[in-house]
file final_14.pdb (PDB, C-alpha atoms)
ATOM      1  CA  MET W 263      38.914 223.884 112.170
ATOM      2  CA  THR W 264      37.377 220.547 112.758
ATOM      3  CA  PRO W 265      40.058 217.877 113.537
ATOM      4  CA  PRO W 266      40.093 214.889 111.205
ATOM      5  CA  SER W 267      38.352 211.798 112.460
ATOM      6  CA  SER W 268      40.549 208.802 113.272
ATOM      7  CA  SER W 269      40.050 205.543 111.276
ATOM      8  CA  PRO W 270      38.587 202.632 113.220
ATOM      9  CA  VAL W 271      41.112 199.858 114.241
ATOM     10  CA  PRO W 272      40.354 196.630 112.292
ATOM     11  CA  THR W 273      39.470 193.624 114.386
ATOM     12  CA  HIS W 274      40.098 189.846 113.528
ATOM     13  CA  PRO W 275      37.467 187.263 114.030
ATOM     14  CA  PRO W 276      38.182 184.784 116.850
ATOM     15  CA  GLU W 277      40.402 181.690 115.962
ATOM     16  CA  GLY W 278      38.416 178.633 115.044
ATOM     17  CA  ASP W 279      38.902 174.959 116.111
ATOM     18  CA  LYS W 280      41.932 172.972 114.794
ATOM     19  CA  GLY W 281      41.106 171.138 111.624
ATOM     20  CA  ASP W 282      41.527 167.404 110.913
ATOM     21  CA  ARG W 283      44.999 166.102 109.950
ATOM     22  CA  GLY W 284      45.481 165.951 106.251
ATOM     23  CA  GLU W 285      46.463 162.883 104.292
ATOM     24  CA  ARG W 286      50.169 161.896 104.240
ATOM     25  CA  GLY W 287      51.984 163.194 101.284
ATOM     26  CA  THR W 288      53.943 161.163  98.759
ATOM     27  CA  PRO W 289      57.362 160.075 100.173
ATOM     28  CA  GLY W 290      60.305 161.853  98.682
ATOM     29  CA  LYS W 291      63.254 160.190  97.040
ATOM     30  CA  ALA W 292      65.739 158.358  99.269
ATOM     31  CA  GLY W 293      68.740 160.368 100.228
ATOM     32  CA  ALA W 294      72.350 159.411  99.653
ATOM     33  CA  GLU W 295      73.637 156.476 101.747
ATOM     34  CA  GLY W 296      75.494 157.628 104.783
ATOM     35  CA  PRO W 297      78.863 156.319 105.977
ATOM     36  CA  ALA W 298      78.968 152.893 107.681
ATOM     37  CA  GLY W 299      78.710 153.007 111.404
ATOM     38  CA  SER W 300      81.314 151.618 113.770
ATOM     39  CA  ARG W 301      81.181 147.876 114.560
ATOM     40  CA  GLY W 302      79.193 147.056 117.615
ATOM     41  CA  GLN W 303      80.404 144.973 120.514
ATOM     42  CA  MET W 304      80.322 141.161 120.274
ATOM     43  CA  GLY W 305      77.181 139.717 121.697
ATOM     44  CA  PRO W 306      77.115 137.094 124.458
ATOM     45  CA  LYS W 307      77.959 133.474 123.568
ATOM     46  CA  GLY W 308      74.911 131.407 122.740
ATOM     47  CA  THR W 309      73.932 128.247 124.526
ATOM     48  CA  ARG W 310      75.330 124.910 123.291
ATOM     49  CA  GLY W 311      73.146 123.117 120.780
ATOM     50  CA  GLN W 312      71.805 119.610 121.172
ATOM     51  CA  THR W 313      73.942 116.609 120.263
ATOM     52  CA  GLY W 314      73.299 115.404 116.740
ATOM     53  CA  ALA W 315      72.017 111.962 115.845
ATOM     54  CA  PRO W 316      74.624 109.167 115.498
ATOM     55  CA  GLY W 317      76.015 108.648 112.020
ATOM     56  CA  ASP W 318      75.337 105.639 109.842
ATOM     57  CA  PRO W 319      77.507 102.737 111.128
ATOM     58  CA  CYS W 320      77.700 101.329 107.597
ATOM     59  CA  LYS W 321      79.902 104.278 106.649
ATOM     60  CA  THR W 322      82.624 103.347 109.121
ATOM     61  CA  GLN W 323      85.920 103.206 107.226
ATOM     62  CA  HIS W 324      87.835 100.789 109.466
ATOM     63  CA  SER W 325      88.774  97.138 109.126
ATOM     64  CA  TYR W 326      91.477  95.218 110.979
ATOM     65  CA  PHE W 327      92.238  91.943 112.722
ATOM     66  CA  SER W 328      94.970  90.043 114.558
ATOM     67  CA  VAL W 329      94.751  86.301 115.198
ATOM     68  CA  GLY W 330      97.092  83.552 116.335
ATOM     69  CA  ARG W 331      97.465  79.795 116.577
ATOM     70  CA  ARG W 332      98.601  77.811 119.637
ATOM     71  CA  LYS W 333      98.770  74.375 118.014
ATOM     72  CA  SER W 334     101.488  73.100 115.737
ATOM     73  CA  LEU W 335     100.472  72.217 112.221
ATOM     74  CA  HIS W 336     101.537  69.528 109.753
ATOM     75  CA  SER W 337     100.416  69.802 106.166
ATOM     76  CA  LEU W 338      98.131  66.830 105.419
ATOM     77  CA  ASP W 339      96.819  67.789 102.000
ATOM     78  CA  TYR W 340      98.456  69.107  98.866
ATOM     79  CA  TYR W 341      96.919  72.506  99.635
ATOM     80  CA  GLN W 342      95.651  73.336 103.097
ATOM     81  CA  ALA W 343      94.248  76.553 104.615
ATOM     82  CA  MET W 344      95.726  77.545 107.949
ATOM     83  CA  ILE W 345      93.098  77.790 110.678
ATOM     84  CA  PHE W 346      93.644  79.987 113.734
ATOM     85  CA  ASP W 347      92.379  79.443 117.294
ATOM     86  CA  THR W 348      93.179  82.702 119.112
ATOM     87  CA  VAL W 349      91.732  86.193 118.585
ATOM     88  CA  PHE W 350      93.680  89.274 119.626
ATOM     89  CA  VAL W 351      91.451  91.814 117.871
ATOM     90  CA  ASN W 352      88.628  91.216 115.401
ATOM     91  CA  PRO W 353      85.995  93.858 116.297
ATOM     92  CA  ASN W 354      83.892  93.628 113.142
ATOM     93  CA  GLU W 355      84.473  89.883 112.635
ATOM     94  CA  HIS W 356      85.823  90.509 109.156
ATOM     95  CA  PHE W 357      88.167  87.590 109.807
ATOM     96  CA  ASN W 358      86.286  84.282 109.725
ATOM     97  CA  MET W 359      87.852  82.022 112.362
ATOM     98  CA  PHE W 360      86.067  78.918 111.065
ATOM     99  CA  LYS W 361      87.452  79.274 107.525
ATOM    100  CA  GLY W 362      90.724  81.021 108.403
ATOM    101  CA  LYS W 363      90.005  83.811 105.919
ATOM    102  CA  PHE W 364      89.739  87.598 105.968
ATOM    103  CA  TYR W 365      86.781  88.949 103.977
ATOM    104  CA  CYS W 366      86.876  92.480 102.596
ATOM    105  CA  TYR W 367      83.813  94.532 103.568
ATOM    106  CA  VAL W 368      85.472  97.922 103.024
ATOM    107  CA  PRO W 369      87.301  98.159  99.652
ATOM    108  CA  GLY W 370      90.723  99.764  99.806
ATOM    109  CA  VAL W 371      94.436  99.166 100.331
ATOM    110  CA  TYR W 372      95.376  96.718 103.107
ATOM    111  CA  PHE W 373      98.560  95.642 104.877
ATOM    112  CA  PHE W 374      99.000  91.975 105.880
ATOM    113  CA  ASN W 375     101.656  90.224 107.940
ATOM    114  CA  ILE W 376     102.247  86.541 108.797
ATOM    115  CA  ASN W 377     104.690  85.302 111.462
ATOM    116  CA  ILE W 378     105.584  81.643 112.039
ATOM    117  CA  HIS W 379     108.145  79.468 113.804
ATOM    118  CA  THR W 380     109.800  76.758 111.732
ATOM    119  CA  TRP W 381     110.202  73.147 112.893
ATOM    120  CA  ASN W 382     113.568  71.436 113.194
ATOM    121  CA  PHE W 383     114.411  69.236 110.191
ATOM    122  CA  LYS W 384     111.096  70.037 108.493
ATOM    123  CA  GLU W 385     110.269  72.259 105.554
ATOM    124  CA  THR W 386     108.083  75.355 105.955
ATOM    125  CA  TYR W 387     106.232  76.379 102.801
ATOM    126  CA  LEU W 388     103.365  78.897 102.961
ATOM    127  CA  HIS W 389     101.654  81.300 100.587
ATOM    128  CA  LEU W 390      99.690  84.406 101.436
ATOM    129  CA  MET W 391      96.671  84.134  99.156
ATOM    130  CA  HIS W 392      94.464  86.801  97.579
ATOM    131  CA  ASN W 393      91.349  84.882  96.572
ATOM    132  CA  ASP W 394      92.891  81.980  94.605
ATOM    133  CA  SER W 395      96.055  83.836  93.640
ATOM    134  CA  GLU W 396      99.423  83.309  95.340
ATOM    135  CA  LYS W 397     100.843  86.712  96.308
ATOM    136  CA  VAL W 398     103.908  86.139  98.510
ATOM    137  CA  ILE W 399     105.716  83.069  99.834
ATOM    138  CA  LEU W 400     107.136  82.297 103.260
ATOM    139  CA  TYR W 401     109.674  79.522 102.962
ATOM    140  CA  ALA W 402     112.344  77.874 105.114
ATOM    141  CA  GLN W 403     114.421  74.825 104.229
ATOM    142  CA  PRO W 404     114.794  71.953 106.678
ATOM    143  CA  SER W 405     117.449  72.802 109.255
ATOM    144  CA  GLU W 406     118.805  71.715 112.606
ATOM    145  CA  ARG W 407     117.716  75.057 114.025
ATOM    146  CA  SER W 408     114.162  76.366 114.215
ATOM    147  CA  ILE W 409     113.756  80.075 113.483
ATOM    148  CA  MET W 410     111.086  82.760 113.386
ATOM    149  CA  GLN W 411     110.036  83.753 109.870
ATOM    150  CA  SER W 412     107.927  86.708 108.712
ATOM    151  CA  GLN W 413     106.364  87.973 105.494
ATOM    152  CA  SER W 414     104.392  91.159 104.707
ATOM    153  CA  VAL W 415     102.547  92.613 101.743
ATOM    154  CA  MET W 416     100.121  95.394 100.799
ATOM    155  CA  LEU W 417      97.131  94.518  98.588
ATOM    156  CA  THR W 418      94.299  96.411  96.920
ATOM    157  CA  LEU W 419      91.057  94.627  97.790
ATOM    158  CA  GLU W 420      87.588  94.822  96.322
ATOM    159  CA  LEU W 421      84.343  94.029  98.092
ATOM    160  CA  ASN W 422      84.135  90.331  99.176
ATOM    161  CA  ASP W 423      87.775  89.577  98.306
ATOM    162  CA  GLU W 424      89.443  86.924 100.500
ATOM    163  CA  VAL W 425      92.930  86.876 102.035
ATOM    164  CA  TRP W 426      94.231  83.740 103.734
ATOM    165  CA  VAL W 427      97.316  81.609 104.438
ATOM    166  CA  ARG W 428      97.832  78.340 102.553
ATOM    167  CA  LEU W 429     100.218  75.509 103.362
ATOM    168  CA  TYR W 430     101.768  73.716 100.409
ATOM    169  CA  LYS W 431     102.891  70.116 100.750
ATOM    170  CA  ARG W 432     105.589  68.723  98.492
ATOM    171  CA  GLU W 433     107.725  65.608  98.816
ATOM    172  CA  ARG W 434     109.024  66.680 102.202
ATOM    173  CA  GLU W 435     106.912  67.178 105.317
ATOM    174  CA  ASN W 436     105.648  70.725 105.674
ATOM    175  CA  ALA W 437     105.158  71.905 109.278
ATOM    176  CA  ILE W 438     105.115  74.951 111.563
ATOM    177  CA  TYR W 439     105.732  74.913 115.279
ATOM    178  CA  SER W 440     103.735  76.266 118.216
ATOM    179  CA  ASP W 441     102.690  75.119 121.675
ATOM    180  CA  ASP W 442     100.028  75.620 124.323
ATOM    181  CA  VAL W 443     102.199  77.982 126.387
ATOM    182  CA  ASP W 444     103.384  80.565 123.844
ATOM    183  CA  ILE W 445     101.910  81.705 120.544
ATOM    184  CA  TYR W 446     104.430  81.522 117.702
ATOM    185  CA  ILE W 447     102.003  81.871 114.785
ATOM    186  CA  THR W 448     100.212  85.175 114.085
ATOM    187  CA  PHE W 449      98.323  86.653 111.144
ATOM    188  CA  ASN W 450      97.515  90.376 111.059
ATOM    189  CA  GLY W 451      95.855  92.791 108.660
ATOM    190  CA  TYR W 452      94.453  96.299 108.575
ATOM    191  CA  MET W 453      93.181  98.833 106.083
ATOM    192  CA  VAL W 454      95.681 101.542 105.143
ATOM    193  CA  ALA W 455      93.322 103.646 103.006
ATOM    194  CA  PRO W 456      89.727 103.174 101.775
ATOM    195  CA  SER W 457      88.967 103.043  98.077
ATOM    196  CA  THR W 458      88.302 106.423  96.446
ATOM    197  CA  THR W 459      85.918 105.049  93.815
TER
END
call {"tool": "encode", "arguments": {"input": "final_14.pdb", "output": "structure tokens"}}
result
Amino acid sequence: MTPPSSSPVPTHPPEGDKGDRGERGTPGKAGAEGPAGSRGQMGPKGTRGQTGAPGDPCKTQHSYFSVGRRKSLHSLDYYQAMIFDTVFVNPNEHFNMFKGKFYCYVPGVYFFNINIHTWNFKETYLHLMHNDSEKVILYAQPSERSIMQSQSVMLTLELNDEVWVRLYKRERENAIYSDDVDIYITFNGYMVAPSTT
């Protein structure tokens, strides 16, 4: 018998060159958000920034003064403003030394205090004035002894208001004592709180 013939083994053609990359497909939908990661370490401290520009000096909310008088004073007129000759503090010159008056440049609530030394056998009669209105009195009757007297008050001031000390002369001589060595007469004021309006 003739043996069967064997089938030929198939052969593959040789592999060709790699083709060009295809276009990118459409992105799929975003997956679910994963859990938050742990907090990282604090970074290094940054460098200090530059100093800012100075603020507007007109917005300064301060006003105060303290003045005194070395010379004694006799009331010559029916009404007479007390003039002071010594400055302790008056940084913004809100107190006018020539007129003896404090002018309000920063509206608000202010505290004022006047201290004087009476004169033997002479009357002492003063008013602390707010503009043309008498607010408080400082009074001492004639006496053999001279004494220190004081008066204080708090006032609400508006812009350009005036506060000053006025002597009042009646039938008797009105006088306050001081000398060139010590200062017995002082007038002080400062803002407690600026106006909120």
call {"tool": "closest_atom_pairs", "arguments": {"input": "final_14.pdb", "of": "stretch 286-368 of chain W", "to": "stretch 376-382 of chain W", "cutoff": "12 Å", "atoms": "only C-alpha atoms", "output": "JSON lines"}}
result
{"residue": "W:Ser328", "atom": "CA", "partner": "W:Ile376", "partner_atom": "CA", "distance": 9.9}
{"residue": "W:Val329", "atom": "CA", "partner": "W:Ile376", "partner_atom": "CA", "distance": 9.9}
{"residue": "W:Gly330", "atom": "CA", "partner": "W:Asn377", "partner_atom": "CA", "distance": 9.2}
{"residue": "W:Arg331", "atom": "CA", "partner": "W:Ile378", "partner_atom": "CA", "distance": 9.5}
{"residue": "W:Arg332", "atom": "CA", "partner": "W:Ile378", "partner_atom": "CA", "distance": 11.0}
{"residue": "W:Lys333", "atom": "CA", "partner": "W:His379", "partner_atom": "CA", "distance": 11.5}
{"residue": "W:Ser334", "atom": "CA", "partner": "W:Trp381", "partner_atom": "CA", "distance": 9.2}
{"residue": "W:Leu335", "atom": "CA", "partner": "W:Trp381", "partner_atom": "CA", "distance": 9.8}
{"residue": "W:His336", "atom": "CA", "partner": "W:Trp381", "partner_atom": "CA", "distance": 9.9}
{"residue": "W:Met344", "atom": "CA", "partner": "W:Ile376", "partner_atom": "CA", "distance": 11.1}
{"residue": "W:Phe346", "atom": "CA", "partner": "W:Ile376", "partner_atom": "CA", "distance": 11.9}
call {"tool": "resolve_selection", "arguments": {"input": "final_14.pdb", "expression": "the PyMOL selection byres ((chain W and resi 385) around 7)", "output": "PyMOL selection string"}}
result
chain W and resi 383-384+386-387+402-404+434-437
call {"tool": "resolve_selection", "arguments": {"input": "final_14.pdb", "expression": "the PyMOL selection byres ((chain W and resi 421) around 10)", "output": "PyMOL selection string"}}
result
chain W and resi 365-370+419-420+422-424
call {"tool": "atom_distance", "arguments": {"input": "final_14.pdb", "atom1": "atom CA of W:Tyr341", "atom2": "atom CA of W:Tyr430"}}
result
5.1 Å
call {"tool": "closest_residue", "arguments": {"input": "final_14.pdb", "among": "W:Ser337, W:Ser408, W:Gln323, W:Gln342", "to": "W:Tyr452", "atoms": "only C-alpha atoms"}}
result
W:Gln323
call {"tool": "resolve_selection", "arguments": {"input": "final_14.pdb", "expression": "the PyMOL selection byres ((chain W and resi 355) around 12)", "output": "PyMOL selection string"}}
result
chain W and resi 324-329+349-354+356-360+362-367
call {"tool": "atom_distance", "arguments": {"input": "final_14.pdb", "atom1": "atom CA of W:Ile445", "atom2": "atom CA of W:Phe374"}}
result
18.1 Å
call {"tool": "closest_residue", "arguments": {"input": "final_14.pdb", "among": "W:Trp426, W:Val371, W:Ala294, W:Ser412", "to": "W:Thr458", "atoms": "all atoms listed in the file"}}
result
W:Val371
call {"tool": "closest_residue", "arguments": {"input": "final_14.pdb", "among": "W:Ile438, W:Leu400, W:Leu417, W:Ala343", "to": "W:Ser457", "atoms": "only C-alpha atoms"}}
result
W:Leu417
call {"tool": "axis_aligned_box", "arguments": {"input": "final_14.pdb", "around": "stretch 416-424 of chain W", "padding_each_side": "3 Å", "output": "AutoDock Vina command-line options"}}
result
--center_x 92.1 --center_y 91.7 --center_z 98.6 --size_x 22.0 --size_y 15.5 --size_z 10.5
call {"tool": "atom_distance", "arguments": {"input": "final_14.pdb", "atom1": "atom CA of W:Ile409", "atom2": "atom CA of W:Asn375"}}
result
16.7 Å
